[in-house]
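Down below is the structure, laid out as structure tokens.
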Amino acid sequence: MTRPLLIENARIVDPASGLDHMGAVLVENGRIADISKGGPVGVPEGAEVIKANGQVLAPGLIDMRVFTGEPGKEYRETLASAGAAAAAGGVTSFVMMPDTTPVVDDGALVDFLIRRAKATSKVNVLPAAAITKGLAGQEMTEFGLLREAGAVCLTDGRHSIQSNALLRTVFSYAANYGMTVVHHVCDDALTGEGVMNEGLFATILGLKGIPREAETIPLARDLQLAMLTGVKYHAAQVSTAYSLDLLAAAKKRSKSITAGISINNLALNENDIGRYRTFFKLATPLRSEDDRQAMIEGLRNGTIDTIHSDHDPQDAEVKRQPFAEASDGAIGLETLLAAALRLVHSGDVDLATVLRAMTIRPAEILGLDSGRIARGAPGDLIVFDLDYPWQVAEADFHSRSRNTSFEGARLAGKVMHTIVGGAVVHTHAEGTP
Amino acid sequence: MAQKASNTATGTPGDFPPFNQRHLLSIADLQQHEIIDLLDRAERMVPVSRQERKIHATLTGKTQINLFFEPSTRTQGSFEIAGKRLGALVMNMSVKSSSVSKGETLVDTATTLNAMRPDVIVVRHAAAGAVELLSQKVGCAVINAGDGAHEHPTQALLDALTIRRNKGRISGLTVAICGDIGNSRVVRSNLLLLGALNVRTRVIAPRNLLPAGIEHLATEVFTDMREGLKDVDVVMMLRLQHERANGRMIPSVREYYHFYGLDAEKLAFARPNAIVMHPGPMNRGVEIDPAIADGNRSVITEQVEMGVAVRMAVLDALLPAGDKA
């Protein structure tokens with residue numbers, strides 16, 4: 001058993017309870033045992049003490065969209081390296097996408113991942129299971145058996161199911177087991193050969209554009225089918241202003257509809273592509289600044305429920321290519337919190353709102369008891385310095401891949417301690433960035 | 001060297017100040033004065049190709065690699081002749097497939113070629129930005145001979161030179177570009193270049209061949225060809241890929257020709273002395289009436305001739321003066 005852990009003199013920010021107060025938190029036997037506001041607290045015998053010196057103590061982040069390379073592409077990322085990256089970034093649990101080789105579409109693979117993660121990863125790995133076999137968008141997987149094996153939700157990862165009829169069946173069968181379906185909304189035909197947001201900038205670069213309607217049309221379909229079937233539906237990641245209108249209307253009618261966004265679509269826009277920088281080539285493309293502003297408003301007013309990293313490790317071989325031929329994706333576990341805090345520092349969104357989208361909201365959507373600072377909840381916590389200035393340098397990453405969309409960015413906010421199940425799994429080393 | 005007897009020149013005829021660009025990747029990288037400088041240099045190169053001994057050997061001992069990932073007989077031939085008339089050693093490399101999954105990557109190719117120590121690499125690639133990517137991995141000058149739907153800077157320069165020779169000026173003219181605007185690198189380079197020289201630019205095409213935001217790049221946008229050609233000084237026609245007229249982008253060749261093919265009736269809307277241009281290769285009867293293509297207002301073959309002069313001027317300008325024989 002790990003020693004009891006006391007974190008004292010911390011600014012406790014817990015979006016679930018609305019708490020934002022100085023105090024201390026005691027973790028025993030892997031769970032939160034006590035929360036005290038203000039005043040000095042007694043230190044239990046043999047306890048490890050973290051003096052937070054007024055830094056923020058928050059629930060550990062829950063990242064709903066992380067790709068790894070294990071199994072199949074371990075040179076890109078293993079559960080161990082993803083776990084180390086997550087710990088450094090303050091992510092205490094992440095949902096692992098089923099886009100691996102082989103695809104996670106069988107209970108035995110879910111079981112393998114859970115065991116493997118327990119043995120090698122510093123943080124909680126929550127496997128998501130594929131909706132369709134081989135992510136091919138044709139035949140359903142065994143939802144019930146996958147759930148029993150421990151799959152936390154259903155998703156086809158990067159893939160989007162094109163058939164309305166299949167999707168209806170999927171939603172209705174997932175509702176049968178009360179499983180959340182996380183769906184990437186993308187009309188493949190409308191996307192065509194598009195590689196970035198459609199508009200003037202794509203035209204100048206001579207690149208094929210992806211119209212916003214490639215997202216909004218399948219989203220509108222998904223929302224209608226979600227209301228028809230009553231499934232717990234989570235739009236994996238949205239990026240356009242009109243998507244928010246669709247979501248807001250659907251959410252008025254159904255409590256089981258939620259939506260996520262990649263930190264990239266909140267922090268960056270299409271202009272960051274500059275002259276063909278492929279680290280900004282993302283599967284939900286970076287949109288215009290107007291869209292980004294709309295997304296921030298969507299986060300503020302609750303239309304957007306969750307923020308995730310969309311961590312997608314890719315190696316130089318597939319990224320150092322002409323833009324149209326390069327793979328999509330950027331890593332993000334280690335920059336998620338600081339990039340999200342940009343929105344706080346700029347005054348766009350308050351701290352509790354940003355944290356809510358990365359703690360209690362994902363926990364509620366996935367049915368987890370973490371994501372909150374409450375007696376009995378898992379001891380998954382982070383201590384971070386809200387203002388700590390640092391510059392992103394790929395060489396400092398724990399991830400095996402280097403394809404960050406924040407290379408060289410100056411960020412404020414750094415995780416000092418990451419605690420998973422009451423054990424400190426990461427401590428910021430003084431003198432490092 | 002065998003060419004030594006005729007090799008007395010040490011720069012572009014006329015002596016120009018050094019050209020301060022390492023590569024020619026995009027017209028967007030050029031200032032107005034640099035564009036004019038290149039046109040002036042090209043003008044001086046025109047007589048070289050018209051004399052009996054077509055040699056102006058300023059690049060003796062230099063190595064030029066033409067690296068074409070997409071076949072292009074004319075552009076590759078034009079660069080080859082330009083390099084040879086300057087005395088460079090020219091090597092042509094055609095890479096059949098630019099497929100990512102098979103064989104070496106573009107960056108590998110660049111690294112390999114760089115090790116052979118060329119002085120200039122001329123690149124054509126099907127992907128936008130590919131030439132710029134390659135330029136970051138080599139230690140020599142790189143010339144963009146067309147990258148996807150992005151840019152084709154020497155085409156825009158040769159078009160401008162042709163216009164200037166026929167009209168006596170460029171600034172203040174009205175130029176219409178008609179055809180497959182969305183997929184054309186020629187359009188982007190021309191709009192940038194002509195815009196920098198204060199030309200009134202018009203693009204003419206059916207809506208589904210017009211890319212998003214084009215109204216910010218051209219002065220005016222037309223979908224009716226007759227309206228678009230009204231009072232223009234120059235008509236530039238673009239090639240329509242046959243495969244686009246298969247009912248997916250354009251219903252048929254005959255419908256396209258009826259509304260967007262350049263014939264005498266439509267050309268009559270332009271100024272009486274308007275010239276007709278085409279970057280080639282032409283599809284006679286698809287985007288242009290053969291009688292117009294080969295008629296007395298066509299300057300299409302002159303464009304080909306100016307292509308050699310422009311490419312000679314660009315090659316000559318990019319190779320550092322202090323480095324010359």
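Identifiers for the structure tokens are assigned positionally: chains receive A, B, ... in sequence, residues are indexed from 1 per chain, and ligands are indexed from 1 in the order shown.
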
Give me, as a tab-separated table, the closest atom pair and its distance (Å, one decimal) for every residue of chain A within a cut-off of 6 Å of chain B, counting only C-alpha atoms, rows sorted by chain and rising number.
```
residue	atom	partner	partner_atom	distance
A:Gly199	CA	B:Ala212	CA	4.8
A:Leu200	CA	B:Gly213	CA	4.1
A:Leu205	CA	B:His150	CA	5.5
A:Gly206	CA	B:His150	CA	3.9
A:Pro322	CA	B:Ala130	CA	4.7
```

Selection to disk with N, CA and C atoms, as an mmCIF file, in the first residue's frame:
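Produced file result10.cif, reproduced below:
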```
data_model
loop_
_atom_site.group_PDB
_atom_site.id
_atom_site.type_symbol
_atom_site.label_atom_id
_atom_site.label_comp_id
_atom_site.auth_asym_id
_atom_site.auth_seq_id
_atom_site.Cartn_x
_atom_site.Cartn_y
_atom_site.Cartn_z
ATOM 1 N N GLY A 199 -11.269 27.449 -48.148
ATOM 2 C CA GLY A 199 -11.337 28.898 -48.060
ATOM 3 C C GLY A 199 -10.180 29.543 -48.791
ATOM 4 N N LEU A 200 -10.087 30.849 -48.626
ATOM 5 C CA LEU A 200 -9.056 31.616 -49.326
ATOM 6 C C LEU A 200 -7.656 31.061 -49.068
ATOM 7 N N LEU A 205 -2.695 28.422 -51.101
ATOM 8 C CA LEU A 205 -1.692 27.363 -51.005
ATOM 9 C C LEU A 205 -1.841 26.323 -52.111
ATOM 10 N N GLY A 206 -2.932 26.393 -52.854
ATOM 11 C CA GLY A 206 -3.161 25.400 -53.903
ATOM 12 C C GLY A 206 -3.527 24.043 -53.334
ATOM 13 N N PRO A 322 5.179 16.293 -48.600
ATOM 14 C CA PRO A 322 4.348 17.400 -49.076
ATOM 15 C C PRO A 322 3.008 17.382 -48.334
#
```

Subject >> Contacts of Arg147 (chain A) at 9 Å (only C-alpha atoms; same-chain gap of 4+ positions) as an MDAnalysis selection string >> reply: chainID A and resid 107 129 142:143 151:154 177 179

Using only N, CA and C atoms, please write the residues we just selected to a file, as a tab-separated table (two decimals), in the first residue's frame.
```
chain	number	residue	atom	x	y	z
A	107	GLY	N	-13.01	-8.47	-27.46
A	107	GLY	CA	-12.87	-8.42	-26.00
A	107	GLY	C	-11.49	-8.82	-25.51
A	129	ALA	N	-13.54	0.69	-27.49
A	129	ALA	CA	-13.65	-0.41	-28.45
A	129	ALA	C	-14.20	0.10	-29.77
A	142	GLU	N	-18.94	-6.81	-31.05
A	142	GLU	CA	-19.75	-7.37	-29.96
A	142	GLU	C	-19.79	-6.40	-28.78
A	143	PHE	N	-20.70	-5.44	-28.86
A	143	PHE	CA	-20.74	-4.37	-27.86
A	143	PHE	C	-20.79	-4.90	-26.43
A	151	ALA	N	-14.25	-2.20	-21.95
A	151	ALA	CA	-14.22	-1.05	-22.86
A	151	ALA	C	-15.05	0.08	-22.27
A	152	VAL	N	-14.52	1.27	-22.29
A	152	VAL	CA	-15.15	2.39	-21.60
A	152	VAL	C	-16.19	3.08	-22.49
A	153	CYS	N	-16.03	2.94	-23.80
A	153	CYS	CA	-17.00	3.50	-24.73
A	153	CYS	C	-16.77	2.87	-26.10
A	154	LEU	N	-17.63	3.23	-27.04
A	154	LEU	CA	-17.50	2.71	-28.40
A	154	LEU	C	-17.12	3.86	-29.33
A	177	TYR	N	-27.12	-1.40	-24.12
A	177	TYR	CA	-26.16	-1.67	-23.04
A	177	TYR	C	-25.78	-0.40	-22.28
A	179	MET	N	-24.16	2.07	-23.42
A	179	MET	CA	-22.78	2.46	-23.75
A	179	MET	C	-22.76	3.79	-24.50
```

Original post:
So which bits of region 138-362 of chain A end up helix (DSSP H, G or I) when you DSSP the backbone, as a PyMOL selection string?
Top reply: chain A and resi 143-149+164-176+188-191+200-205+213-229+241-253+263-267+270-273+278-280+289-300+316-319+323-325+336-345+351-356+360-362

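Proximity to Thr240 (chain A) was assessed for A:Asp272, A:Asp291, A:Asp111, A:Asp387 counting only C-alpha atoms; the smallest distance is recorded for A:Asp291.
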
Original post:
Can you tell me, as a PyMOL selection string, what residues are no more than 9 Å from Leu337 (chain A) when counting only C-alpha atoms, ignoring any on the same chain fewer than 2 positions away?
Top reply: chain A and resi 61+89-91+309+333-335+339-342+355+358+413-415

Restricting it to all heavy atoms, dump the selection as a compact mmCIF listing (two decimals), in the first residue's frame.
```txt
# COMPACT_ATOMS: atom_id res chain seq x y z
N LEU A 61 -6.58 15.26 -15.08
CA LEU A 61 -7.33 15.43 -16.31
C LEU A 61 -7.71 14.08 -16.92
O LEU A 61 -6.97 13.09 -16.78
CB LEU A 61 -6.49 16.23 -17.33
CG LEU A 61 -5.90 17.55 -16.85
CD1 LEU A 61 -5.18 18.25 -18.00
CD2 LEU A 61 -6.97 18.46 -16.25
N GLY A 89 1.90 15.70 -18.43
CA GLY A 89 0.92 16.71 -18.83
C GLY A 89 -0.24 16.85 -17.87
O GLY A 89 -1.15 17.64 -18.12
N GLY A 90 -0.26 16.07 -16.79
CA GLY A 90 -1.35 16.19 -15.83
C GLY A 90 -2.57 15.37 -16.19
O GLY A 90 -3.64 15.55 -15.61
N VAL A 91 -2.43 14.47 -17.15
CA VAL A 91 -3.54 13.61 -17.56
C VAL A 91 -3.44 12.31 -16.77
O VAL A 91 -2.48 11.56 -16.93
CB VAL A 91 -3.49 13.33 -19.08
CG1 VAL A 91 -4.55 12.31 -19.48
CG2 VAL A 91 -3.67 14.64 -19.86
N SER A 309 -6.92 16.17 -26.02
CA SER A 309 -5.66 16.52 -26.69
C SER A 309 -5.63 16.09 -28.15
O SER A 309 -4.91 16.66 -28.95
CB SER A 309 -4.49 15.86 -25.97
OG SER A 309 -4.54 14.45 -26.15
N LEU A 333 -0.60 15.37 -25.44
CA LEU A 333 -0.79 15.08 -24.01
C LEU A 333 -0.02 16.05 -23.12
O LEU A 333 -0.50 16.47 -22.08
CB LEU A 333 -0.34 13.64 -23.71
CG LEU A 333 -1.35 12.54 -24.01
CD1 LEU A 333 -0.68 11.17 -23.98
CD2 LEU A 333 -2.52 12.59 -23.02
N GLU A 334 1.19 16.40 -23.55
CA GLU A 334 2.05 17.21 -22.67
C GLU A 334 1.79 18.70 -22.77
O GLU A 334 2.33 19.48 -21.99
CB GLU A 334 3.53 16.88 -22.97
CG GLU A 334 3.86 15.47 -22.52
CD GLU A 334 5.20 14.96 -23.00
OE1 GLU A 334 6.21 15.36 -22.43
OE2 GLU A 334 5.23 14.14 -23.95
N THR A 335 0.98 19.09 -23.74
CA THR A 335 0.69 20.52 -23.90
C THR A 335 -0.78 20.84 -23.64
O THR A 335 -1.17 22.01 -23.66
CB THR A 335 1.06 21.00 -25.32
OG1 THR A 335 0.59 20.04 -26.27
CG2 THR A 335 2.57 21.15 -25.47
N ALA A 339 -1.96 24.63 -23.00
CA ALA A 339 -2.65 25.23 -24.15
C ALA A 339 -4.06 25.66 -23.75
O ALA A 339 -4.55 26.71 -24.18
CB ALA A 339 -2.68 24.25 -25.31
N ALA A 340 -4.72 24.84 -22.93
CA ALA A 340 -6.06 25.21 -22.47
C ALA A 340 -6.00 26.43 -21.55
O ALA A 340 -6.90 27.27 -21.56
CB ALA A 340 -6.71 24.03 -21.76
N LEU A 341 -4.93 26.52 -20.75
CA LEU A 341 -4.79 27.66 -19.85
C LEU A 341 -4.57 28.97 -20.61
O LEU A 341 -4.82 30.05 -20.07
CB LEU A 341 -3.65 27.43 -18.85
CG LEU A 341 -3.93 26.36 -17.79
CD1 LEU A 341 -2.70 26.15 -16.90
CD2 LEU A 341 -5.14 26.73 -16.93
N ARG A 342 -4.12 28.86 -21.86
CA ARG A 342 -4.04 30.07 -22.70
C ARG A 342 -5.37 30.81 -22.73
O ARG A 342 -5.42 32.03 -22.71
CB ARG A 342 -3.72 29.65 -24.15
CG ARG A 342 -2.31 29.84 -24.57
CD ARG A 342 -2.26 29.69 -26.09
NE ARG A 342 -0.89 29.71 -26.56
CZ ARG A 342 -0.55 29.51 -27.82
NH1 ARG A 342 -1.48 29.28 -28.74
NH2 ARG A 342 0.71 29.55 -28.19
N LEU A 355 -11.30 23.57 -16.69
CA LEU A 355 -11.02 22.32 -15.98
C LEU A 355 -12.22 21.37 -16.01
O LEU A 355 -12.05 20.16 -16.12
CB LEU A 355 -10.61 22.62 -14.53
CG LEU A 355 -9.23 23.24 -14.35
CD1 LEU A 355 -8.97 23.56 -12.88
CD2 LEU A 355 -8.12 22.34 -14.90
N MET A 358 -12.29 19.03 -18.77
CA MET A 358 -11.24 18.01 -18.82
C MET A 358 -11.25 17.12 -17.57
O MET A 358 -10.33 16.34 -17.37
CB MET A 358 -9.86 18.68 -18.97
CG MET A 358 -9.74 19.48 -20.27
SD MET A 358 -8.07 20.10 -20.60
CE MET A 358 -7.95 21.39 -19.38
N GLY A 413 1.79 27.90 -17.40
CA GLY A 413 1.07 26.86 -16.67
C GLY A 413 1.77 25.53 -16.80
O GLY A 413 1.99 25.07 -17.91
N LYS A 414 2.16 24.96 -15.65
CA LYS A 414 2.92 23.72 -15.72
C LYS A 414 2.52 22.80 -14.57
O LYS A 414 2.34 23.26 -13.44
CB LYS A 414 4.42 24.06 -15.59
CG LYS A 414 5.35 22.91 -15.84
CD LYS A 414 5.66 22.82 -17.31
CE LYS A 414 6.63 21.68 -17.62
NZ LYS A 414 6.83 21.52 -19.04
N VAL A 415 2.42 21.53 -14.90
CA VAL A 415 2.09 20.54 -13.88
C VAL A 415 3.31 20.30 -13.01
O VAL A 415 4.40 20.02 -13.51
CB VAL A 415 1.65 19.23 -14.54
CG1 VAL A 415 1.42 18.15 -13.49
CG2 VAL A 415 0.39 19.45 -15.36
```

Subject >> Test item: residues at most 8 Å from region 249-263 of chain B, only C-alpha atoms, excluding those fewer than 4 positions along its chain, as a PyMOL selection string >> reply: chain B and resi 178-179+205+208-209+224-225+237+242+244-245+267+285-289+291-292

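You can rank B:Arg271, B:His23, B:Arg297, B:Lys230 by their closest distance to Val123 (chain B) using only C-alpha atoms, and at the top of that list sits B:His23.
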
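Neighbouring residues of region 309-315 of chain B at 7 Å or closer, counting only C-alpha atoms and skipping chain neighbours under 3 positions away, are Leu38, Arg41, Ala42, Met45, Val46, Phe79, Ala82, Gly83, Leu86, Thr154, Leu157, Leu158, Glu305, Met306, Leu318 and Leu319 of chain B.
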
How about saving the chosen residues, N, CA and C atoms kept, as a compact mmCIF listing (two decimals), in the first residue's frame?
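Generated output (result_38.txt):
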```txt
# COMPACT_ATOMS: atom_id res chain seq x y z
N LEU B 38 13.76 40.54 -63.39
CA LEU B 38 13.81 39.26 -64.10
C LEU B 38 13.29 39.41 -65.53
N ARG B 41 16.05 41.05 -67.52
CA ARG B 41 17.11 40.08 -67.80
C ARG B 41 16.67 39.14 -68.93
N ALA B 42 15.42 38.70 -68.86
CA ALA B 42 14.91 37.77 -69.87
C ALA B 42 14.89 38.42 -71.24
N MET B 45 17.99 38.10 -72.88
CA MET B 45 18.33 36.73 -73.25
C MET B 45 17.69 36.34 -74.59
N VAL B 46 16.63 37.07 -74.98
CA VAL B 46 15.90 36.69 -76.20
C VAL B 46 16.82 36.58 -77.42
N PHE B 79 13.47 24.15 -69.88
CA PHE B 79 14.52 24.31 -68.87
C PHE B 79 15.83 23.67 -69.35
N ALA B 82 17.35 25.96 -71.95
CA ALA B 82 17.83 27.17 -71.27
C ALA B 82 19.16 26.90 -70.59
N GLY B 83 19.23 25.81 -69.85
CA GLY B 83 20.47 25.47 -69.15
C GLY B 83 21.61 25.22 -70.12
N LEU B 86 23.17 28.19 -71.65
CA LEU B 86 24.02 28.91 -70.70
C LEU B 86 25.29 28.11 -70.39
N THR B 154 7.80 30.45 -63.33
CA THR B 154 8.40 30.83 -64.62
C THR B 154 7.34 30.98 -65.71
N LEU B 157 6.12 34.49 -65.39
CA LEU B 157 7.14 35.43 -65.89
C LEU B 157 7.15 35.44 -67.41
N LEU B 158 7.05 34.26 -68.02
CA LEU B 158 7.08 34.24 -69.49
C LEU B 158 5.80 34.83 -70.07
N GLU B 305 8.72 30.60 -76.93
CA GLU B 305 10.04 31.18 -77.13
C GLU B 305 10.47 31.98 -75.89
N MET B 306 9.54 32.76 -75.34
CA MET B 306 9.86 33.57 -74.16
C MET B 306 10.15 32.68 -72.95
N LEU B 318 19.93 33.30 -60.43
CA LEU B 318 19.98 32.59 -59.15
C LEU B 318 21.37 32.11 -58.77
N LEU B 319 22.22 31.88 -59.77
CA LEU B 319 23.55 31.38 -59.44
C LEU B 319 24.44 32.56 -59.10
```

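For Val238 (chain A), the non-local neighbours within 10 Å, defined as residues at least 3 positions apart in the same chain or in other chains and counting only C-alpha atoms, are His184, Val185, Cys186, Glu215, Thr216, Leu219, Ala235, Ala241, Tyr242, Ser243, Leu244, Leu247, Ala259, Gly260, Ile261, Ser262, Asn265, Thr284, Pro285, Met295 and Ile304 of chain A.
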
Save out the residues we just selected, N, CA, C and O atoms, as a short mmCIF file (atom, residue, chain, number, x, y, z; two decimals), in the first residue's frame.
```cif
data_model
loop_
_atom_site.label_atom_id
_atom_site.label_comp_id
_atom_site.auth_asym_id
_atom_site.auth_seq_id
_atom_site.Cartn_x
_atom_site.Cartn_y
_atom_site.Cartn_z
N HIS A 184 -16.70 10.29 -34.63
CA HIS A 184 -16.02 11.31 -35.41
C HIS A 184 -16.92 11.65 -36.59
O HIS A 184 -17.30 10.76 -37.35
N VAL A 185 -17.29 12.92 -36.72
CA VAL A 185 -18.24 13.26 -37.79
C VAL A 185 -17.50 13.78 -39.01
O VAL A 185 -16.88 14.84 -38.99
N CYS A 186 -17.58 13.00 -40.06
CA CYS A 186 -16.89 13.38 -41.30
C CYS A 186 -17.57 12.71 -42.48
O CYS A 186 -17.71 11.49 -42.51
N GLU A 215 -18.57 18.31 -42.00
CA GLU A 215 -18.79 18.04 -40.57
C GLU A 215 -20.26 18.22 -40.19
O GLU A 215 -20.84 17.39 -39.48
N THR A 216 -20.86 19.29 -40.66
CA THR A 216 -22.21 19.62 -40.16
C THR A 216 -23.28 18.66 -40.70
O THR A 216 -24.24 18.36 -39.98
N LEU A 219 -23.10 15.47 -38.74
CA LEU A 219 -23.47 15.79 -37.35
C LEU A 219 -24.98 15.89 -37.22
O LEU A 219 -25.58 15.34 -36.28
N ALA A 235 -20.38 13.63 -29.81
CA ALA A 235 -19.71 14.01 -31.05
C ALA A 235 -18.23 14.17 -30.71
O ALA A 235 -17.87 15.01 -29.88
N ALA A 241 -18.73 26.74 -36.50
CA ALA A 241 -19.73 27.52 -35.77
C ALA A 241 -21.12 26.89 -35.92
O ALA A 241 -21.88 26.80 -34.96
N TYR A 242 -21.44 26.44 -37.12
CA TYR A 242 -22.78 25.90 -37.35
C TYR A 242 -22.99 24.58 -36.58
O TYR A 242 -24.11 24.26 -36.19
N SER A 243 -21.92 23.83 -36.35
CA SER A 243 -22.05 22.61 -35.55
C SER A 243 -22.60 22.94 -34.16
O SER A 243 -23.37 22.16 -33.59
N LEU A 244 -22.23 24.09 -33.65
CA LEU A 244 -22.70 24.49 -32.32
C LEU A 244 -24.20 24.78 -32.34
O LEU A 244 -24.91 24.45 -31.39
N LEU A 247 -25.86 21.44 -32.32
CA LEU A 247 -25.74 20.80 -31.02
C LEU A 247 -26.66 21.46 -29.98
O LEU A 247 -27.33 20.78 -29.21
N ALA A 259 -20.73 16.83 -26.64
CA ALA A 259 -19.78 17.07 -27.72
C ALA A 259 -18.41 17.44 -27.16
O ALA A 259 -18.32 18.07 -26.10
N GLY A 260 -17.39 17.06 -27.89
CA GLY A 260 -16.03 17.37 -27.50
C GLY A 260 -15.33 18.24 -28.53
O GLY A 260 -15.83 18.45 -29.64
N ILE A 261 -14.18 18.73 -28.14
CA ILE A 261 -13.37 19.51 -29.07
C ILE A 261 -11.90 19.23 -28.80
O ILE A 261 -11.50 19.01 -27.65
N SER A 262 -11.13 19.23 -29.84
CA SER A 262 -9.68 19.10 -29.70
C SER A 262 -9.12 20.45 -29.26
O SER A 262 -9.56 21.50 -29.73
N ASN A 265 -8.36 22.91 -32.03
CA ASN A 265 -9.37 23.78 -32.62
C ASN A 265 -9.76 24.94 -31.70
O ASN A 265 -10.42 25.87 -32.13
N THR A 284 -9.61 16.60 -37.96
CA THR A 284 -10.61 17.66 -37.94
C THR A 284 -9.79 18.90 -38.22
O THR A 284 -8.97 19.29 -37.39
N PRO A 285 -9.94 19.46 -39.42
CA PRO A 285 -8.97 20.49 -39.81
C PRO A 285 -9.06 21.74 -38.96
O PRO A 285 -10.12 22.03 -38.40
N MET A 295 -16.03 28.53 -31.16
CA MET A 295 -15.78 27.35 -30.32
C MET A 295 -15.55 27.77 -28.86
O MET A 295 -16.00 27.10 -27.93
N ILE A 304 -20.23 22.92 -25.81
CA ILE A 304 -19.12 21.97 -25.87
C ILE A 304 -18.87 21.47 -24.45
O ILE A 304 -18.72 22.27 -23.52
#
```

Subject >> Polymer residues at most 12 Å from region 32-37 of chain B, only C-alpha atoms, same-chain spacing of 5 or more positions, as a PyMOL selection string >> reply: chain B and resi 12+14-21+24+26-27+42-44+153-154+156-158+160-161+164+169-171+189-190+192-198+310+313-314+317-318

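Minimum atom-to-atom distance to Glu8 (chain A), evaluated using only C-alpha atoms, belongs to A:Val383 out of A:Val383, A:Ala363, A:Leu266, A:Ala189.
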
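Per DSSP on the backbone, strand (DSSP E or B) in region 153-219 of chain B comprises Thr174, Val175, Ala176, Ile177, Cys178, Arg200, Thr201, Arg202, Val203 and Ile204 of chain B.
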